[in-house]
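Visitor: Let me begin by handing over the structure; questions about it come next.
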Amino acid sequence: MLFELETADGVPLYRQLVDQIRRMISGGTLRPGDELPSVRAVAEHYTINPMTVSRAYALLEADGWLERRRGKPMRVIERNWEDRQQRMEGIHDSLRKVVRDARQLGLNSNEVISALENLFEESDQ
Amino acid sequence: MNEFAIEVDALSQAYGRREVLDRIELRAGPGEVIGLVGRNGCGKTTLLETLAGLHQPSSGQCRLLGQPSLDMPEDVRQQFGFVFQEEELFDWMVVSDHVDLVGSMYTNWDKTHVRQLLKRWRVPTGEQVSRLSRGQRQMLGIILALGHAPRVLLLDEPASALDPVARREFLGELVELALDERRTVVFSSHLLTDVERVATRIWLMREGRVLLDDSLDHLKEGMLQLRVHKGRQAAELPPSLNGELKRQQHDWGESVLLYQPSREEIEELQQDLGEQLITRNMGLDELAVELLSE
């Protein structure tokens, strides 16, 4: 399965699912038209309550990431993925967390940005 | 048909002078899987047993599927299952005979499913019940409670003697039950990572009272811990904060547990205290320790 769920975490499981699916769509791991595993399949695979999965799917549907079709699996919606603004949305929460951590560690934005640039370079190689 | 599967109204239970349950009010609807959490002796078992109609409450009442627990009509009994800590099994019986006996009491007993579970969970059907290990007894108890796919299922520390693999299998069965949204499950457990997997709602008990009754997601999102580390400069939290539940002094500084804090207040604190302030969300295990310890 696609997801990585952490049960003892402070982040609710449905939220973990939402964030991961959004990131996968923004990053291209999930492409428009791709089908998602059924609620049952995800619940059984991770031994989590099915309501958690349906809640995550419903939120992604409401936000326009997934579409529901009668009697068929949820599907990644067709839309203009070239829109960079939408792609930025997928990383916004992670960035917010970085900013928060940086503040707590007393690091300024220049230091964090240059660390990020280094990481980008590393991943290019 | 009543909309609540479980209703508890002003329920109190006293043994002599000892108040075990103190004016408990609870509701559970279809589709809910409830984790009943609390320290030993806080009244979890008494609550479950009273729900099952095993005790006459000192005052108040419990209803299952709209009917009083104490006087459970046959059609409710057919839709109700429970597993108690001291599983009342007949030690002198052979496992397969025991299964048949319990099965004969229910009209909708699913023989095939029961046989599959016994095999999958490796409960030796030819063995005398008295010769089963603690874990095997517990598994047998669970299977006997699941055999008629109850609409309301109560489980008192059902997985305490199970090894991690068996526990996961058991949780898988709870997930199967939860896939049918008409069912309601209440299970008590100290294994809070298990509770986090399958529960939708938490009933947190302390000294005979329900301290918290909340959806698990709401609880996790609503609780925030602040920590201020005594650094080079003196840093202090304001004497009282919105949503403050608990404040503790430590060698390293101060910690405060907040429930539904004000975002503005937290942001201000972050500006003022900078690196000395740490904000964190907590898993259920940590939350329970925070809320249940003195």
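Residue numbering restarts at 1 in every chain; chains get A, B, ... in the order shown in the structure tokens, and ligands count up from 1 in that same order.
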Please build the interface table for chain A against chain B with a cut-off of 10 Å, listing for each qualifying residue the nearest atom pair and the distance in Å to one decimal; count only C-alpha atoms, order rows by chain and increasing number, and write it as a tab-separated table.

Guide:
```
residue	atom	partner	partner_atom	distance
A:Leu5	CA	B:Arg197	CA	9.9
A:Glu6	CA	B:Arg197	CA	9.5
A:Thr7	CA	B:Thr193	CA	6.2
A:Ala8	CA	B:Gly283	CA	4.9
A:Asp9	CA	B:Gly283	CA	4.8
A:Gly10	CA	B:Met282	CA	4.0
A:Val11	CA	B:Lys220	CA	6.7
A:Pro12	CA	B:Asp217	CA	5.3
A:Leu13	CA	B:Asp217	CA	7.8
A:Tyr14	CA	B:Asp217	CA	7.9
A:Arg15	CA	B:Asp217	CA	8.7
A:Val39	CA	B:Leu179	CA	9.0
A:Arg40	CA	B:Leu179	CA	7.2
A:Ala43	CA	B:Val175	CA	6.9
A:Glu44	CA	B:Gly172	CA	6.5
A:His45	CA	B:Gly172	CA	8.7
A:Tyr46	CA	B:Arg197	CA	8.3
A:Thr47	CA	B:Gly172	CA	5.4
A:Ile48	CA	B:Arg197	CA	4.6
A:Asn49	CA	B:Val198	CA	4.5
A:Pro50	CA	B:Leu179	CA	6.2
A:Met51	CA	B:Thr200	CA	7.7
A:Thr52	CA	B:Thr200	CA	7.8
A:Arg100	CA	B:Gln270	CA	8.7
A:Asp101	CA	B:Glu275	CA	8.6
A:Ala102	CA	B:Glu275	CA	8.2
A:Arg103	CA	B:Glu275	CA	5.9
A:Gln104	CA	B:Glu275	CA	3.6
A:Leu105	CA	B:Glu275	CA	4.9
A:Gly106	CA	B:Glu275	CA	5.1
A:Leu107	CA	B:Glu275	CA	8.7
```

Visitor: Tell me, as an NGL selection string, which residues lie within 10 Å of B:Asp272, counting only C-alpha atoms; anything in the same chain fewer than 5 positions away does not count.

Guide: :B and (235-237 or 266-267 or 277)

Visitor: Produce a file of the selected residues containing N, CA, C and O atoms, as a JSON list (two decimals), in the first residue's frame.

Guide:
```json
[["chain", "number", "residue", "atom", "x", "y", "z"],
["B", 235, "ALA", "N", 12.21, 32.89, 31.09],
["B", 235, "ALA", "CA", 11.02, 32.92, 30.25],
["B", 235, "ALA", "C", 9.88, 32.34, 31.05],
["B", 235, "ALA", "O", 10.05, 31.32, 31.71],
["B", 236, "GLU", "N", 8.74, 33.00, 31.00],
["B", 236, "GLU", "CA", 7.63, 32.49, 31.79],
["B", 236, "GLU", "C", 6.35, 32.54, 30.99],
["B", 236, "GLU", "O", 6.14, 33.43, 30.17],
["B", 237, "LEU", "N", 5.49, 31.55, 31.27],
["B", 237, "LEU", "CA", 4.16, 31.56, 30.65],
["B", 237, "LEU", "C", 3.27, 32.44, 31.50],
["B", 237, "LEU", "O", 3.46, 32.55, 32.71],
["B", 266, "ILE", "N", -1.58, 31.60, 21.36],
["B", 266, "ILE", "CA", -0.40, 30.76, 21.12],
["B", 266, "ILE", "C", 0.59, 31.48, 20.21],
["B", 266, "ILE", "O", 1.80, 31.47, 20.44],
["B", 267, "GLU", "N", 0.06, 32.12, 19.17],
["B", 267, "GLU", "CA", 0.95, 32.82, 18.24],
["B", 267, "GLU", "C", 1.70, 33.94, 18.94],
["B", 267, "GLU", "O", 2.90, 34.13, 18.72],
["B", 277, "LEU", "N", 9.96, 28.23, 23.66],
["B", 277, "LEU", "CA", 8.62, 27.62, 23.70],
["B", 277, "LEU", "C", 8.53, 26.48, 22.69],
["B", 277, "LEU", "O", 8.88, 26.63, 21.52]]
```

Visitor: Among stretch 51-211 of chain B, which residues carry a DSSP assignment of alpha helix (DSSP H), reported as a count of residues only?

Guide: 60

Visitor: What residues in stretch 11-121 of chain A get the DSSP label strand (DSSP E or B)? Please answer as a PDB file with N, CA, C and O atoms, in the first residue's frame.

Guide:
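Result saved to out-v1.pdb:
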```
ATOM      1  N   GLU A  35      -7.115   5.578  -9.668  1.00  0.00           N
ATOM      2  CA  GLU A  35      -8.115   5.176  -8.682  1.00  0.00           C
ATOM      3  C   GLU A  35      -7.469   4.943  -7.325  1.00  0.00           C
ATOM      4  O   GLU A  35      -6.352   4.435  -7.240  1.00  0.00           O
ATOM      5  N   LEU A  66     -10.272  14.709  -5.150  1.00  0.00           N
ATOM      6  CA  LEU A  66     -10.769  13.398  -5.585  1.00  0.00           C
ATOM      7  C   LEU A  66     -12.206  13.534  -6.052  1.00  0.00           C
ATOM      8  O   LEU A  66     -12.906  14.463  -5.666  1.00  0.00           O
ATOM      9  N   GLU A  67     -12.636  12.592  -6.883  1.00  0.00           N
ATOM     10  CA  GLU A  67     -14.064  12.559  -7.211  1.00  0.00           C
ATOM     11  C   GLU A  67     -14.631  11.192  -6.923  1.00  0.00           C
ATOM     12  O   GLU A  67     -13.985  10.167  -7.063  1.00  0.00           O
ATOM     13  N   ARG A  68     -15.895  11.234  -6.479  1.00  0.00           N
ATOM     14  CA  ARG A  68     -16.600  10.016  -6.132  1.00  0.00           C
ATOM     15  C   ARG A  68     -17.481   9.627  -7.302  1.00  0.00           C
ATOM     16  O   ARG A  68     -18.113  10.471  -7.910  1.00  0.00           O
ATOM     17  N   ARG A  69     -17.462   8.348  -7.632  1.00  0.00           N
ATOM     18  CA  ARG A  69     -18.360   7.884  -8.688  1.00  0.00           C
ATOM     19  C   ARG A  69     -19.159   6.725  -8.138  1.00  0.00           C
ATOM     20  O   ARG A  69     -18.647   5.907  -7.383  1.00  0.00           O
ATOM     21  N   LYS A  72     -18.042   2.918  -7.822  1.00  0.00           N
ATOM     22  CA  LYS A  72     -16.676   2.745  -8.321  1.00  0.00           C
ATOM     23  C   LYS A  72     -15.697   3.380  -7.348  1.00  0.00           C
ATOM     24  O   LYS A  72     -16.093   4.193  -6.518  1.00  0.00           O
ATOM     25  N   PRO A  73     -14.415   3.032  -7.463  1.00  0.00           N
ATOM     26  CA  PRO A  73     -13.439   3.631  -6.543  1.00  0.00           C
ATOM     27  C   PRO A  73     -13.333   5.146  -6.729  1.00  0.00           C
ATOM     28  O   PRO A  73     -13.653   5.669  -7.798  1.00  0.00           O
ATOM     29  N   MET A  74     -12.888   5.819  -5.676  1.00  0.00           N
ATOM     30  CA  MET A  74     -12.593   7.248  -5.761  1.00  0.00           C
ATOM     31  C   MET A  74     -11.473   7.440  -6.776  1.00  0.00           C
ATOM     32  O   MET A  74     -10.599   6.600  -6.918  1.00  0.00           O
ATOM     33  N   ARG A  75     -11.504   8.603  -7.455  1.00  0.00           N
ATOM     34  CA  ARG A  75     -10.526   8.818  -8.508  1.00  0.00           C
ATOM     35  C   ARG A  75      -9.906  10.208  -8.355  1.00  0.00           C
ATOM     36  O   ARG A  75     -10.571  11.152  -7.930  1.00  0.00           O
ATOM     37  N   VAL A  76      -8.632  10.318  -8.701  1.00  0.00           N
ATOM     38  CA  VAL A  76      -7.979  11.624  -8.677  1.00  0.00           C
ATOM     39  C   VAL A  76      -8.589  12.468  -9.788  1.00  0.00           C
ATOM     40  O   VAL A  76      -8.712  12.018 -10.924  1.00  0.00           O
TER      41      VAL A  76
END
```

Visitor: Write out as a tab-separated table (two decimals) with all heavy atoms, in the first residue's frame each polymer residue whose atoms come within 8 Å of stretch 40-50 of chain B, counting only C-alpha atoms; drop sequence neighbours fewer than 3 positions from it.

Guide:
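That gives us out_29.tsv:
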```tsv
chain	number	residue	atom	x	y	z
B	20	VAL	N	-18.58	3.67	43.05
B	20	VAL	CA	-17.78	3.14	41.94
B	20	VAL	C	-18.09	3.88	40.65
B	20	VAL	O	-17.21	4.16	39.84
B	20	VAL	CB	-18.03	1.62	41.77
B	20	VAL	CG1	-17.11	1.05	40.71
B	20	VAL	CG2	-17.84	0.91	43.09
B	21	LEU	N	-19.38	4.20	40.46
B	21	LEU	CA	-19.78	5.01	39.32
B	21	LEU	C	-20.55	6.20	39.85
B	21	LEU	O	-21.40	6.06	40.73
B	21	LEU	CB	-20.66	4.22	38.35
B	21	LEU	CG	-20.05	2.96	37.73
B	21	LEU	CD1	-21.09	2.26	36.85
B	21	LEU	CD2	-18.81	3.30	36.90
B	36	LEU	N	-12.73	2.69	25.82
B	36	LEU	CA	-12.98	3.07	27.22
B	36	LEU	C	-11.64	3.02	27.94
B	36	LEU	O	-11.02	1.96	28.05
B	36	LEU	CB	-13.98	2.09	27.82
B	36	LEU	CG	-14.40	2.28	29.27
B	36	LEU	CD1	-15.01	3.64	29.50
B	36	LEU	CD2	-15.38	1.19	29.67
B	37	VAL	N	-11.20	4.18	28.39
B	37	VAL	CA	-9.83	4.32	28.88
B	37	VAL	C	-9.83	4.86	30.30
B	37	VAL	O	-10.62	5.76	30.62
B	37	VAL	CB	-9.05	5.28	27.95
B	37	VAL	CG1	-7.65	5.53	28.48
B	37	VAL	CG2	-8.99	4.73	26.53
B	53	GLY	N	-26.22	-5.40	31.98
B	53	GLY	CA	-27.36	-5.80	32.81
B	53	GLY	C	-26.99	-6.75	33.92
B	53	GLY	O	-27.84	-7.44	34.47
B	54	LEU	N	-25.71	-6.82	34.29
B	54	LEU	CA	-25.28	-7.76	35.33
B	54	LEU	C	-25.44	-7.19	36.74
B	54	LEU	O	-25.41	-7.92	37.71
B	54	LEU	CB	-23.83	-8.19	35.12
B	54	LEU	CG	-23.51	-8.92	33.82
B	54	LEU	CD1	-22.07	-9.41	33.84
B	54	LEU	CD2	-24.46	-10.09	33.60
B	55	HIS	N	-25.53	-5.86	36.84
B	55	HIS	CA	-25.72	-5.27	38.17
B	55	HIS	C	-26.94	-4.37	38.17
B	55	HIS	O	-27.22	-3.70	37.20
B	55	HIS	CB	-24.52	-4.37	38.55
B	55	HIS	CG	-23.21	-5.05	38.46
B	55	HIS	ND1	-22.89	-6.14	39.23
B	55	HIS	CD2	-22.13	-4.80	37.70
B	55	HIS	CE1	-21.66	-6.53	38.93
B	55	HIS	NE2	-21.18	-5.73	38.00
B	56	GLN	N	-27.59	-4.38	39.30
B	56	GLN	CA	-28.67	-3.42	39.52
B	56	GLN	C	-28.03	-2.11	39.95
B	56	GLN	O	-27.34	-2.08	40.97
B	56	GLN	CB	-29.58	-3.96	40.63
B	56	GLN	CG	-30.53	-2.95	41.20
B	56	GLN	CD	-31.94	-3.16	40.69
B	56	GLN	OE1	-32.42	-4.29	40.65
B	56	GLN	NE2	-32.59	-2.08	40.29
B	57	PRO	N	-28.17	-1.03	39.18
B	57	PRO	CA	-27.51	0.22	39.58
B	57	PRO	C	-28.12	0.79	40.86
B	57	PRO	O	-29.29	0.55	41.14
B	57	PRO	CB	-27.79	1.17	38.41
B	57	PRO	CG	-28.55	0.41	37.39
B	57	PRO	CD	-28.96	-0.91	37.96
B	62	CYS	N	-29.38	2.13	32.32
B	62	CYS	CA	-28.72	1.93	31.03
B	62	CYS	C	-29.72	1.29	30.08
B	62	CYS	O	-30.51	0.44	30.48
B	62	CYS	CB	-27.57	0.94	31.14
B	62	CYS	SG	-26.43	1.25	32.43
B	69	SER	N	-31.17	-2.39	30.08
B	69	SER	CA	-30.20	-3.49	30.18
B	69	SER	C	-30.61	-4.54	31.20
B	69	SER	O	-30.40	-5.74	31.01
B	69	SER	CB	-28.84	-2.97	30.66
B	69	SER	OG	-28.32	-2.06	29.77
B	154	LEU	N	-19.68	-5.40	23.72
B	154	LEU	CA	-18.92	-4.83	24.83
B	154	LEU	C	-17.74	-5.73	25.14
B	154	LEU	O	-17.90	-6.94	25.29
B	154	LEU	CB	-19.79	-4.72	26.09
B	154	LEU	CG	-21.13	-4.00	25.98
B	154	LEU	CD1	-21.83	-4.00	27.33
B	154	LEU	CD2	-20.94	-2.57	25.48
B	155	LEU	N	-16.56	-5.14	25.22
B	155	LEU	CA	-15.36	-5.94	25.45
B	155	LEU	C	-14.53	-5.32	26.56
B	155	LEU	O	-14.13	-4.16	26.47
B	155	LEU	CB	-14.51	-5.98	24.16
B	155	LEU	CG	-15.20	-6.46	22.89
B	155	LEU	CD1	-14.69	-5.69	21.69
B	155	LEU	CD2	-14.96	-7.94	22.69
B	156	ASP	N	-14.30	-6.10	27.61
B	156	ASP	CA	-13.53	-5.58	28.74
B	156	ASP	C	-12.10	-6.11	28.66
B	156	ASP	O	-11.86	-7.27	28.92
B	156	ASP	CB	-14.19	-6.01	30.06
B	156	ASP	CG	-13.64	-5.21	31.23
B	156	ASP	OD1	-12.86	-4.27	31.01
B	156	ASP	OD2	-14.02	-5.54	32.37
B	188	SER	N	-12.66	-1.67	26.43
B	188	SER	CA	-11.72	-1.04	27.34
B	188	SER	C	-10.35	-1.62	27.08
B	188	SER	O	-10.23	-2.79	26.70
B	188	SER	CB	-12.12	-1.28	28.79
B	188	SER	OG	-11.98	-2.64	29.12
B	205	MET	N	-12.25	7.69	31.72
B	205	MET	CA	-12.83	7.66	33.08
B	205	MET	C	-11.77	7.89	34.14
B	205	MET	O	-10.62	7.50	34.00
B	205	MET	CB	-13.50	6.31	33.34
B	205	MET	CG	-14.82	6.15	32.62
B	205	MET	SD	-15.64	4.62	33.09
B	205	MET	CE	-16.12	4.99	34.77
B	206	ARG	N	-12.22	8.55	35.19
B	206	ARG	CA	-11.35	8.75	36.34
B	206	ARG	C	-12.20	8.76	37.59
B	206	ARG	O	-13.16	9.52	37.68
B	206	ARG	CB	-10.61	10.08	36.19
B	206	ARG	CG	-9.67	10.33	37.31
B	206	ARG	CD	-8.84	11.55	36.99
B	206	ARG	NE	-8.17	12.01	38.18
B	206	ARG	CZ	-7.26	12.97	38.17
B	206	ARG	NH1	-6.95	13.57	37.05
B	206	ARG	NH2	-6.68	13.33	39.28
B	207	GLU	N	-11.85	7.88	38.51
B	207	GLU	CA	-12.54	7.77	39.80
B	207	GLU	C	-14.05	7.77	39.66
B	207	GLU	O	-14.76	8.56	40.30
B	207	GLU	CB	-12.08	8.90	40.72
B	207	GLU	CG	-10.62	8.73	41.14
B	207	GLU	CD	-10.01	9.99	41.73
B	207	GLU	OE1	-10.75	10.96	41.94
B	207	GLU	OE2	-8.79	9.99	41.95
B	208	GLY	N	-14.55	6.89	38.82
B	208	GLY	CA	-15.99	6.69	38.73
B	208	GLY	C	-16.74	7.70	37.89
B	208	GLY	O	-17.96	7.64	37.79
B	209	ARG	N	-16.01	8.65	37.32
B	209	ARG	CA	-16.68	9.66	36.49
B	209	ARG	C	-16.10	9.66	35.09
B	209	ARG	O	-14.96	9.25	34.87
B	209	ARG	CB	-16.51	11.05	37.11
B	209	ARG	CG	-16.89	11.09	38.57
B	209	ARG	CD	-17.01	12.51	39.04
B	209	ARG	NE	-18.22	13.13	38.53
B	209	ARG	CZ	-18.81	14.16	39.09
B	209	ARG	NH1	-18.30	14.71	40.15
B	209	ARG	NH2	-19.91	14.66	38.57
```

Visitor: Neighbours of B:Gly126 within 8 Å (only C-alpha atoms; same-chain residues fewer than 6 positions away dropped), as a list in words?

Guide: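 These residues fall inside the cut-off: Val94, Val95 and Ser96 of chain B.
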
Visitor: Could you name the residues that touch A:Gly64 at 12 Å or less, counting only C-alpha atoms, but leaving out those on the same chain fewer than 2 positions away, as a count of residues only?

Guide: 20

Visitor: Using Å and a single decimal, report how far atom CA of B:Ser12 sits from atom CA of B:Pro30.

Guide: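 Taking atom CA of B:Pro30 as the start and atom CA of B:Ser12 as the end point, the length is 24.6 Å.
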
Visitor: Just the number, please: distance in Å from atom CA of B:Val152 to atom CA of B:Thr112, one decimal.

Guide: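 Atom-to-atom, atom CA of B:Val152 to atom CA of B:Thr112, that is 20.9 Å.
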
Visitor: Do you have the atom CA of B:Lys119-atom CA of B:Ala52 distance handy?

Guide: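 Value for the atom CA of B:Lys119-atom CA of B:Ala52 distance: 28.8 Å.
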